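What follows is the content of entry-v6.pdb (PDB, C-alpha atoms).
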ATOM      1  CA  MET A 170      27.641  -3.121  21.841
ATOM      2  CA  LYS A 171      25.956  -0.067  20.411
ATOM      3  CA  ILE A 172      22.246   0.292  19.652
ATOM      4  CA  ARG A 173      21.243   2.902  17.075
ATOM      5  CA  PHE A 174      18.301   3.726  14.800
ATOM      6  CA  VAL A 175      17.996   1.911  11.478
ATOM      7  CA  LYS A 176      19.067   3.868   8.414
ATOM      8  CA  GLU A 177      17.981   3.241   4.812
ATOM      9  CA  SER A 178      21.298   1.766   3.674
ATOM     10  CA  ASP A 179      21.106  -0.903   6.427
ATOM     11  CA  TYR A 180      18.581  -2.649   4.192
ATOM     12  CA  TYR A 181      21.343  -3.650   1.788
ATOM     13  CA  VAL A 182      23.390  -5.192   4.605
ATOM     14  CA  ILE A 183      20.515  -6.896   6.422
ATOM     15  CA  SER A 184      18.383  -8.243   3.568
ATOM     16  CA  PRO A 185      21.038 -10.700   2.280
ATOM     17  CA  LEU A 186      21.837 -11.765   5.869
ATOM     18  CA  ILE A 187      18.290 -12.687   6.825
ATOM     19  CA  ASN A 188      17.996 -16.003   5.016
ATOM     20  CA  GLU A 189      21.429 -16.924   6.413
ATOM     21  CA  TRP A 190      20.504 -16.096  10.019
ATOM     22  CA  TRP A 191      17.198 -17.966   9.670
ATOM     23  CA  GLY A 192      18.970 -21.112   8.470
ATOM     24  CA  MET A 193      18.115 -20.537   4.785
ATOM     25  CA  ARG A 194      14.333 -20.234   5.245
ATOM     26  CA  ASN A 195      13.250 -17.635   2.680
ATOM     27  CA  MET A 196      12.397 -14.743   4.938
ATOM     28  CA  SER A 197      13.773 -11.674   3.170
ATOM     29  CA  ASP A 198      10.554 -11.061   1.167
ATOM     30  CA  LEU A 199       8.839 -10.305   4.480
ATOM     31  CA  LEU A 200      11.063  -7.303   5.030
ATOM     32  CA  PRO A 201      10.919  -4.973   2.025
ATOM     33  CA  LYS A 202      12.924  -1.770   1.928
ATOM     34  CA  LEU A 203       9.925   0.401   2.844
ATOM     35  CA  PHE A 204      10.362  -0.522   6.520
ATOM     36  CA  PHE A 205      13.895   0.904   6.493
ATOM     37  CA  ASP A 206      12.720   4.058   4.720
ATOM     38  CA  HIS A 207       9.561   4.882   6.639
ATOM     39  CA  PHE A 208       9.838   3.350  10.124
ATOM     40  CA  SER A 209      13.428   4.269  10.918
ATOM     41  CA  ASN A 210      12.511   6.088  14.144
ATOM     42  CA  THR A 211      11.102   2.935  15.791
ATOM     43  CA  SER A 212      13.564   0.413  14.330
ATOM     44  CA  PHE A 213      16.964  -0.425  15.760
ATOM     45  CA  ILE A 214      20.326  -1.924  14.864
ATOM     46  CA  ALA A 215      22.743  -3.600  17.306
ATOM     47  CA  GLU A 216      26.378  -3.237  16.275
ATOM     48  CA  ILE A 217      29.622  -4.635  17.647
ATOM     49  CA  ASP A 218      32.812  -3.071  16.261
ATOM     50  CA  GLY A 219      30.802  -1.623  13.361
ATOM     51  CA  GLU A 220      29.323  -5.010  12.383
ATOM     52  CA  ILE A 221      25.525  -5.439  12.416
ATOM     53  CA  VAL A 222      24.751  -8.303  14.816
ATOM     54  CA  GLY A 223      21.049  -7.739  15.391
ATOM     55  CA  PHE A 224      18.053  -5.642  14.416
ATOM     56  CA  LEU A 225      14.454  -4.936  15.400
ATOM     57  CA  ILE A 226      11.965  -3.484  12.908
ATOM     58  CA  GLY A 227       8.840  -2.064  14.525
ATOM     59  CA  PHE A 228       6.340   0.723  14.114
ATOM     60  CA  LEU A 229       3.647   2.684  15.915
ATOM     61  CA  SER A 230       0.167   1.509  14.898
ATOM     62  CA  GLN A 231      -1.682   4.126  12.871
ATOM     63  CA  SER A 232      -5.046   2.478  13.561
ATOM     64  CA  TYR A 233      -4.610   2.110  17.340
ATOM     65  CA  SER A 234      -3.159   5.173  18.982
ATOM     66  CA  ASN A 235      -2.137   3.242  22.094
ATOM     67  CA  GLU A 236      -0.351   0.403  20.286
ATOM     68  CA  ALA A 237       2.918  -0.495  18.605
ATOM     69  CA  TYR A 238       3.884  -3.533  16.540
ATOM     70  CA  ILE A 239       7.129  -5.478  16.188
ATOM     71  CA  HIS A 240       7.423  -6.837  12.662
ATOM     72  CA  PHE A 241      10.812  -8.511  12.557
ATOM     73  CA  VAL A 242      13.692  -9.228  14.944
ATOM     74  CA  GLY A 243      16.932 -10.939  14.044
ATOM     75  CA  VAL A 244      20.144 -11.749  15.899
ATOM     76  CA  HIS A 245      23.334 -13.104  14.318
ATOM     77  CA  PRO A 246      23.566 -16.839  15.230
ATOM     78  CA  SER A 247      27.011 -16.359  16.843
ATOM     79  CA  TYR A 248      25.697 -13.634  19.140
ATOM     80  CA  ARG A 249      22.605 -15.343  20.553
ATOM     81  CA  LYS A 250      22.084 -16.008  24.294
ATOM     82  CA  GLN A 251      23.858 -12.754  25.136
ATOM     83  CA  ASN A 252      20.820 -10.560  25.909
ATOM     84  CA  LEU A 253      21.292  -8.674  22.673
ATOM     85  CA  GLY A 254      17.667  -9.297  21.657
ATOM     86  CA  LYS A 255      16.506  -8.145  25.075
ATOM     87  CA  GLU A 256      18.339  -4.843  24.678
ATOM     88  CA  LEU A 257      16.721  -4.278  21.272
ATOM     89  CA  TYR A 258      13.250  -4.994  22.690
ATOM     90  CA  GLU A 259      13.858  -2.691  25.640
ATOM     91  CA  GLU A 260      14.995   0.123  23.363
ATOM     92  CA  PHE A 261      11.789  -0.352  21.361
ATOM     93  CA  PHE A 262       9.633  -0.432  24.524
ATOM     94  CA  LYS A 263      11.266   2.793  25.724
ATOM     95  CA  THR A 264      10.567   4.519  22.405
ATOM     96  CA  VAL A 265       6.949   3.280  22.429
ATOM     97  CA  GLN A 266       6.425   4.642  25.935
ATOM     98  CA  GLU A 267       8.010   7.968  24.987
ATOM     99  CA  SER A 268       5.344   8.119  22.245
ATOM    100  CA  GLY A 269       2.665   7.785  24.944
ATOM    101  CA  ARG A 270       1.729   4.177  24.087
ATOM    102  CA  ASN A 271       1.675   1.092  26.290
ATOM    103  CA  ILE A 272       0.557  -1.906  24.185
ATOM    104  CA  VAL A 273       3.033  -3.859  22.044
ATOM    105  CA  ARG A 274       1.908  -6.602  19.680
ATOM    106  CA  CYS A 275       3.702  -9.145  17.549
ATOM    107  CA  VAL A 276       2.942 -12.364  15.723
ATOM    108  CA  THR A 277       4.875 -15.589  15.253
ATOM    109  CA  SER A 278       4.426 -19.003  13.610
ATOM    110  CA  PRO A 279       3.501 -21.927  15.897
ATOM    111  CA  VAL A 280       6.455 -23.857  14.408
ATOM    112  CA  ASN A 281       8.819 -21.283  15.884
ATOM    113  CA  LYS A 282       9.098 -22.672  19.435
ATOM    114  CA  ASN A 283      12.117 -20.526  20.259
ATOM    115  CA  SER A 284      10.188 -17.387  19.408
ATOM    116  CA  ILE A 285       7.214 -18.461  21.546
ATOM    117  CA  ALA A 286       9.475 -19.226  24.518
ATOM    118  CA  TYR A 287      11.397 -16.004  24.033
ATOM    119  CA  HIS A 288       8.352 -13.730  23.905
ATOM    120  CA  THR A 289       6.846 -15.455  26.921
ATOM    121  CA  LYS A 290      10.097 -14.832  28.828
ATOM    122  CA  MET A 291       9.995 -11.186  27.704
ATOM    123  CA  GLY A 292       6.579 -10.772  29.347
ATOM    124  CA  PHE A 293       4.325 -11.139  26.305
ATOM    125  CA  LYS A 294       0.995 -12.925  26.786
ATOM    126  CA  ILE A 295      -0.548 -15.168  24.129
ATOM    127  CA  LYS A 296      -3.912 -13.930  22.879
ATOM    128  CA  ASP A 297      -6.472 -16.752  22.898
ATOM    129  CA  GLY A 298      -7.155 -18.083  19.419
ATOM    130  CA  ASP A 299      -9.436 -20.681  17.886
ATOM    131  CA  GLY A 300      -7.048 -23.654  17.881
ATOM    132  CA  PHE A 301      -4.018 -25.211  19.563
ATOM    133  CA  VAL A 302      -0.654 -26.323  18.145
ATOM    134  CA  ASP A 303       1.659 -28.147  20.576
ATOM    135  CA  GLY A 304      -0.126 -26.540  23.513
ATOM    136  CA  ALA A 305       0.035 -22.971  22.201
ATOM    137  CA  SER A 306      -3.193 -21.152  21.389
ATOM    138  CA  VAL A 307      -3.183 -20.199  17.684
ATOM    139  CA  HIS A 308      -5.336 -18.145  15.329
ATOM    140  CA  THR A 309      -5.884 -20.547  12.435
ATOM    141  CA  GLY A 310      -5.370 -19.080   8.963
ATOM    142  CA  TYR A 311      -4.445 -15.711  10.480
ATOM    143  CA  ASP A 312      -1.895 -14.851   7.770
ATOM    144  CA  GLY A 313      -3.731 -16.695   4.983
ATOM    145  CA  SER A 314      -4.694 -20.251   4.185
ATOM    146  CA  ASN A 315      -2.757 -22.720   6.396
ATOM    147  CA  GLN A 316      -0.817 -19.826   7.913
ATOM    148  CA  ASP A 317      -1.678 -20.207  11.602
ATOM    149  CA  ARG A 318      -0.170 -17.638  13.933
ATOM    150  CA  VAL A 319       0.458 -17.136  17.640
ATOM    151  CA  LEU A 320      -0.522 -13.567  18.619
ATOM    152  CA  PHE A 321       1.407 -11.857  21.423
ATOM    153  CA  VAL A 322       0.552  -8.775  23.373
ATOM    154  CA  LYS A 323       2.497  -7.011  26.104
ATOM    155  CA  GLU A 324       1.362  -4.169  28.278
ATOM    156  CA  LEU A 325       4.184  -1.781  29.155
ATOM    157  CA  VAL A 326       4.167  -0.572  32.757
TER     158      VAL A 326
ATOM    159  CA  MET B 176     -19.452   2.608  -6.192
ATOM    160  CA  LYS B 177     -18.646   3.171  -2.543
ATOM    161  CA  ILE B 178     -15.200   3.909  -1.088
ATOM    162  CA  ARG B 179     -14.629   3.070   2.580
ATOM    163  CA  PHE B 180     -11.745   2.459   4.982
ATOM    164  CA  VAL B 181     -10.169  -0.990   5.078
ATOM    165  CA  LYS B 182     -11.160  -3.209   7.991
ATOM    166  CA  GLU B 183      -9.209  -6.170   9.388
ATOM    167  CA  SER B 184     -11.524  -8.842   7.970
ATOM    168  CA  ASP B 185     -10.993  -7.487   4.422
ATOM    169  CA  TYR B 186      -7.617  -9.218   4.511
ATOM    170  CA  TYR B 187      -9.324 -12.604   4.221
ATOM    171  CA  VAL B 188     -11.255 -11.503   1.145
ATOM    172  CA  ILE B 189      -8.417  -9.627  -0.582
ATOM    173  CA  SER B 190      -5.418 -11.878   0.072
ATOM    174  CA  PRO B 191      -6.753 -14.850  -1.979
ATOM    175  CA  LEU B 192      -7.861 -12.473  -4.769
ATOM    176  CA  ILE B 193      -4.491 -10.813  -5.266
ATOM    177  CA  ASN B 194      -2.720 -13.560  -7.196
ATOM    178  CA  GLU B 195      -5.847 -13.900  -9.362
ATOM    179  CA  TRP B 196      -6.039 -10.177 -10.160
ATOM    180  CA  TRP B 197      -2.298 -10.072 -10.905
ATOM    181  CA  GLY B 198      -2.604 -12.925 -13.409
ATOM    182  CA  MET B 199      -1.244 -15.561 -11.011
ATOM    183  CA  ARG B 200       2.015 -13.774 -10.179
ATOM    184  CA  ASN B 201       2.696 -14.584  -6.526
ATOM    185  CA  MET B 202       2.011 -11.227  -4.920
ATOM    186  CA  SER B 203       0.072 -11.993  -1.751
ATOM    187  CA  ASP B 204       3.239 -12.389   0.392
ATOM    188  CA  LEU B 205       3.854  -8.690  -0.166
ATOM    189  CA  LEU B 206       0.687  -7.784   1.691
ATOM    190  CA  PRO B 207       0.646  -9.389   5.150
ATOM    191  CA  LYS B 208      -2.260  -8.875   7.518
ATOM    192  CA  LEU B 209      -0.436  -6.239   9.561
ATOM    193  CA  PHE B 210      -1.280  -3.604   6.937
ATOM    194  CA  PHE B 211      -4.999  -4.275   7.441
ATOM    195  CA  ASP B 212      -4.615  -4.146  11.216
ATOM    196  CA  HIS B 213      -2.402  -1.108  11.668
ATOM    197  CA  PHE B 214      -2.864   1.174   8.641
ATOM    198  CA  SER B 215      -6.642   1.012   8.299
ATOM    199  CA  ASN B 216      -7.084   4.784   8.521
ATOM    200  CA  THR B 217      -5.073   5.439   5.330
ATOM    201  CA  SER B 218      -6.173   2.361   3.357
ATOM    202  CA  PHE B 219      -9.313   2.086   1.252
ATOM    203  CA  ILE B 220     -11.712  -0.393  -0.307
ATOM    204  CA  ALA B 221     -13.856   0.206  -3.398
ATOM    205  CA  GLU B 222     -17.104  -1.758  -3.350
ATOM    206  CA  ILE B 223     -19.894  -2.248  -5.885
ATOM    207  CA  ASP B 224     -23.046  -3.898  -4.545
ATOM    208  CA  GLY B 225     -21.110  -5.127  -1.503
ATOM    209  CA  GLU B 226     -18.387  -6.799  -3.620
ATOM    210  CA  ILE B 227     -14.778  -5.642  -3.225
ATOM    211  CA  VAL B 228     -13.607  -4.452  -6.647
ATOM    212  CA  GLY B 229     -10.512  -2.465  -5.672
ATOM    213  CA  PHE B 230      -8.257  -1.476  -2.789
ATOM    214  CA  LEU B 231      -5.402   0.863  -1.902
ATOM    215  CA  ILE B 232      -3.092   0.152   1.035
ATOM    216  CA  GLY B 233      -1.048   3.144   2.127
ATOM    217  CA  PHE B 234       0.406   4.744   5.234
ATOM    218  CA  LEU B 235       1.834   7.962   6.608
ATOM    219  CA  SER B 236       5.618   7.815   6.805
ATOM    220  CA  GLN B 237       6.865   7.733  10.388
ATOM    221  CA  SER B 238      10.371   8.808   9.356
ATOM    222  CA  TYR B 239       9.317  11.740   7.153
ATOM    223  CA  SER B 240       6.615  13.867   8.692
ATOM    224  CA  ASN B 241       5.676  15.424   5.343
ATOM    225  CA  GLU B 242       5.359  12.145   3.405
ATOM    226  CA  ALA B 243       3.013   9.254   2.753
ATOM    227  CA  TYR B 244       3.591   5.964   0.941
ATOM    228  CA  ILE B 245       1.343   3.812  -1.229
ATOM    229  CA  HIS B 246       2.267   0.160  -0.767
ATOM    230  CA  PHE B 247      -0.254  -1.747  -2.853
ATOM    231  CA  VAL B 248      -3.151  -0.949  -5.199
ATOM    232  CA  GLY B 249      -5.366  -3.506  -6.924
ATOM    233  CA  VAL B 250      -8.426  -3.312  -9.160
ATOM    234  CA  HIS B 251     -10.566  -6.271 -10.222
ATOM    235  CA  PRO B 252      -9.696  -7.040 -13.893
ATOM    236  CA  SER B 253     -13.357  -6.666 -14.966
ATOM    237  CA  TYR B 254     -13.547  -3.169 -13.456
ATOM    238  CA  ARG B 255     -10.426  -1.586 -14.961
ATOM    239  CA  LYS B 256     -10.482   1.525 -17.208
ATOM    240  CA  GLN B 257     -13.385   2.938 -15.184
ATOM    241  CA  ASN B 258     -11.508   5.484 -13.051
ATOM    242  CA  LEU B 259     -11.925   3.303  -9.994
ATOM    243  CA  GLY B 260      -8.174   3.400  -9.281
ATOM    244  CA  LYS B 261      -8.207   7.177  -9.695
ATOM    245  CA  GLU B 262     -10.919   7.511  -7.055
ATOM    246  CA  LEU B 263      -8.932   5.367  -4.607
ATOM    247  CA  TYR B 264      -5.785   7.468  -5.180
ATOM    248  CA  GLU B 265      -7.748  10.699  -4.747
ATOM    249  CA  GLU B 266      -9.264   9.473  -1.496
ATOM    250  CA  PHE B 267      -5.752   8.668  -0.277
ATOM    251  CA  PHE B 268      -4.396  12.064  -1.397
ATOM    252  CA  LYS B 269      -7.230  13.819   0.449
ATOM    253  CA  THR B 270      -6.488  11.885   3.649
ATOM    254  CA  VAL B 271      -2.766  12.640   3.323
ATOM    255  CA  GLN B 272      -3.459  16.356   2.925
ATOM    256  CA  GLU B 273      -5.828  16.327   5.896
ATOM    257  CA  SER B 274      -2.883  14.940   7.882
ATOM    258  CA  GLY B 275      -0.877  18.018   6.853
ATOM    259  CA  ARG B 276       1.377  16.191   4.390
ATOM    260  CA  ASN B 277       2.033  16.874   0.713
ATOM    261  CA  ILE B 278       4.500  14.283  -0.627
ATOM    262  CA  VAL B 279       3.337  10.840  -1.790
ATOM    263  CA  ARG B 280       5.785   8.135  -2.791
ATOM    264  CA  CYS B 281       5.449   4.701  -4.308
ATOM    265  CA  VAL B 282       7.624   2.131  -6.031
ATOM    266  CA  THR B 283       7.035  -0.196  -8.971
ATOM    267  CA  SER B 284       8.946  -2.779 -11.012
ATOM    268  CA  PRO B 285      10.308  -1.672 -14.401
ATOM    269  CA  VAL B 286       8.575  -4.697 -15.963
ATOM    270  CA  ASN B 287       5.217  -3.221 -14.958
ATOM    271  CA  LYS B 288       4.705  -0.842 -17.911
ATOM    272  CA  ASN B 289       1.021  -0.304 -17.080
ATOM    273  CA  SER B 290       1.894   0.841 -13.594
ATOM    274  CA  ILE B 291       4.544   3.251 -14.904
ATOM    275  CA  ALA B 292       2.126   4.732 -17.452
ATOM    276  CA  TYR B 293      -0.643   4.945 -14.854
ATOM    277  CA  HIS B 294       1.411   6.742 -12.206
ATOM    278  CA  THR B 295       2.750   9.160 -14.806
ATOM    279  CA  LYS B 296      -0.833   9.942 -15.867
ATOM    280  CA  MET B 297      -1.736  10.442 -12.178
ATOM    281  CA  GLY B 298       0.924  13.169 -11.924
ATOM    282  CA  PHE B 299       3.729  11.186 -10.301
ATOM    283  CA  LYS B 300       7.299  12.023 -11.366
ATOM    284  CA  ILE B 301      10.021   9.386 -11.706
ATOM    285  CA  LYS B 302      12.954   9.956  -9.352
ATOM    286  CA  ASP B 303      16.254   9.720 -11.251
ATOM    287  CA  GLY B 304      18.029   6.448 -10.601
ATOM    288  CA  ASP B 305      21.334   4.900 -11.618
ATOM    289  CA  GLY B 306      20.147   2.922 -14.662
ATOM    290  CA  PHE B 307      17.543   2.706 -17.409
ATOM    291  CA  VAL B 308      15.136  -0.081 -18.381
ATOM    292  CA  ASP B 309      13.154   0.505 -21.605
ATOM    293  CA  GLY B 310      13.615   4.254 -21.234
ATOM    294  CA  ALA B 311      12.517   4.475 -17.588
ATOM    295  CA  SER B 312      15.036   5.597 -14.978
ATOM    296  CA  VAL B 313      15.476   2.795 -12.405
ATOM    297  CA  HIS B 314      17.239   2.321  -9.076
ATOM    298  CA  THR B 315      19.167  -0.903  -9.642
ATOM    299  CA  GLY B 316      18.927  -3.465  -6.832
ATOM    300  CA  TYR B 317      16.625  -1.153  -4.865
ATOM    301  CA  ASP B 318      14.565  -4.001  -3.371
ATOM    302  CA  GLY B 319      17.450  -6.487  -3.241
ATOM    303  CA  SER B 320      19.685  -8.278  -5.718
ATOM    304  CA  ASN B 321      18.269  -7.999  -9.283
ATOM    305  CA  GLN B 322      15.193  -6.208  -7.906
ATOM    306  CA  ASP B 323      15.373  -2.921  -9.815
ATOM    307  CA  ARG B 324      12.627  -0.419  -9.036
ATOM    308  CA  VAL B 325      11.112   2.733 -10.502
ATOM    309  CA  LEU B 326      10.604   5.305  -7.721
ATOM    310  CA  PHE B 327       7.680   7.717  -7.994
ATOM    311  CA  VAL B 328       7.009  10.894  -6.120
ATOM    312  CA  LYS B 329       4.044  13.259  -6.313
ATOM    313  CA  GLU B 330       3.685  16.629  -4.686
ATOM    314  CA  LEU B 331       0.094  17.340  -3.640
ATOM    315  CA  VAL B 332      -1.005  20.910  -4.335
TER     316      VAL B 332
END

Just give me the structure of the file as structure tokens.
Amino acid sequence: MKIRFVKESDYYVISPLINEWWGMRNMSDLLPKLFFDHFSNTSFIAEIDGEIVGFLIGFLSQSYSNEAYIHFVGVHPSYRKQNLGKELYEEFFKTVQESGRNIVRCVTSPVNKNSIAYHTKMGFKIKDGDGFVDGASVHTGYDGSNQDRVLFVKELV
Amino acid sequence: MKIRFVKESDYYVISPLINEWWGMRNMSDLLPKLFFDHFSNTSFIAEIDGEIVGFLIGFLSQSYSNEAYIHFVGVHPSYRKQNLGKELYEEFFKTVQESGRNIVRCVTSPVNKNSIAYHTKMGFKIKDGDGFVDGASVHTGYDGSNQDRVLFVKELV
């Protein structure tokens, strides 16, 4: 497997794949082309034999000079449980540290149990919110009305 | 009128307003909270008597060290044609130049004739695409299947 930076044309490969990889939930609107154009130096593609099998789209926070944010991570369903996601996260963490930053944040939906378990395993802590869903602390209405979110933060050491 | 930086809590005021201001087109998904959290130092609010009447959400490109990008601009329908948008753009341009950059990009839909006319008036040039819609050069499928876009670029002098 090879990990490389995102390039603009990857958008046209990844965008149609997203809904497929997410089991037909409509997710592709959340990842407009601007992320591929303007955050290519903190976003990564995992390839096997030239085929895209995973990606991580992240950026350095402009507001918080010590922070970075992971917006979107996807792994091809046939290539899960093979540490491919872990390698993408670690490449991102390395890049964040090289930029002199040590806080990484991301956000997920409480319905996404796999994501909560995965981030916990990867060393992210859940930021206390104002409600609970299935035992996880959530920030109610964080991403709009009825859009509760679990907020993760990880300190890089 | 007062122009100030965006703060995180503005998201909860602006997000419900967006669909209203855009005549009930579903636009609010295009502006998740992360922009209010992480790009607050290049994003602006216009207020009159403490009421939000306009906003501009933009960021400095991470990939292109000479560029900035305007993601979303909205003005309250009752406050249009009063140069309020112009003041938000000029505040953004000033901030971009203070960051040592001189290229500003943004993207609009060919259906949005007002936006095309407005950006042209503001000195943006249309980047040649691979098709035409009603006389405007478009990049076909730029934001996904059937999502043609007009690409604007302005050089700050």

What would the selection look like, as a PyMOL selection string, if the PyMOL selection byres ((chain A) within 10 of (chain B)) were run on the coordinates I just shared?
chain A and resi 180-182+184-185+197-211+228-234+236-238+240+275-276+310-314

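Candidate residues B:His314, B:Lys177, B:His251, B:Lys300 were compared for distance to Ser284 in chain B, and the nearest is B:His314, using only C-alpha atoms.
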
Draw an axis-aligned box over all listed atoms of range 273-279 of chain B, pad each side with 8 Å, and write its centre and edge lengths in Å, one decimal, as lines of an AutoDock Vina configuration file.
center_x = -0.7
center_y = 14.4
center_z = 3.0
size_x = 26.3
size_y = 23.2
size_z = 25.7

Could you give me, as a list of chain:residue names, the residues within 8 Å of Val250 in chain B, counting all atoms listed in the file and dropping anything in the same chain fewer than 2 positions from it?
B:Trp196, B:Val228, B:Gly229, B:Phe230, B:Val248, B:Pro252, B:Tyr254, B:Arg255, B:Leu259, B:Gly260

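For the pair CA of Phe327 in chain B and CA of Phe267 in chain B, the separation is 15.5 Å.
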
Work out how far CA of Leu326 in chain B is from CA of Gly304 in chain B, in Å to one decimal.
8.0 Å

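Using only C-alpha atoms, the smallest distance between any of A:Gly292, A:Ser247, A:Val175, A:Leu325 and Glu189 in chain A comes from A:Ser247.
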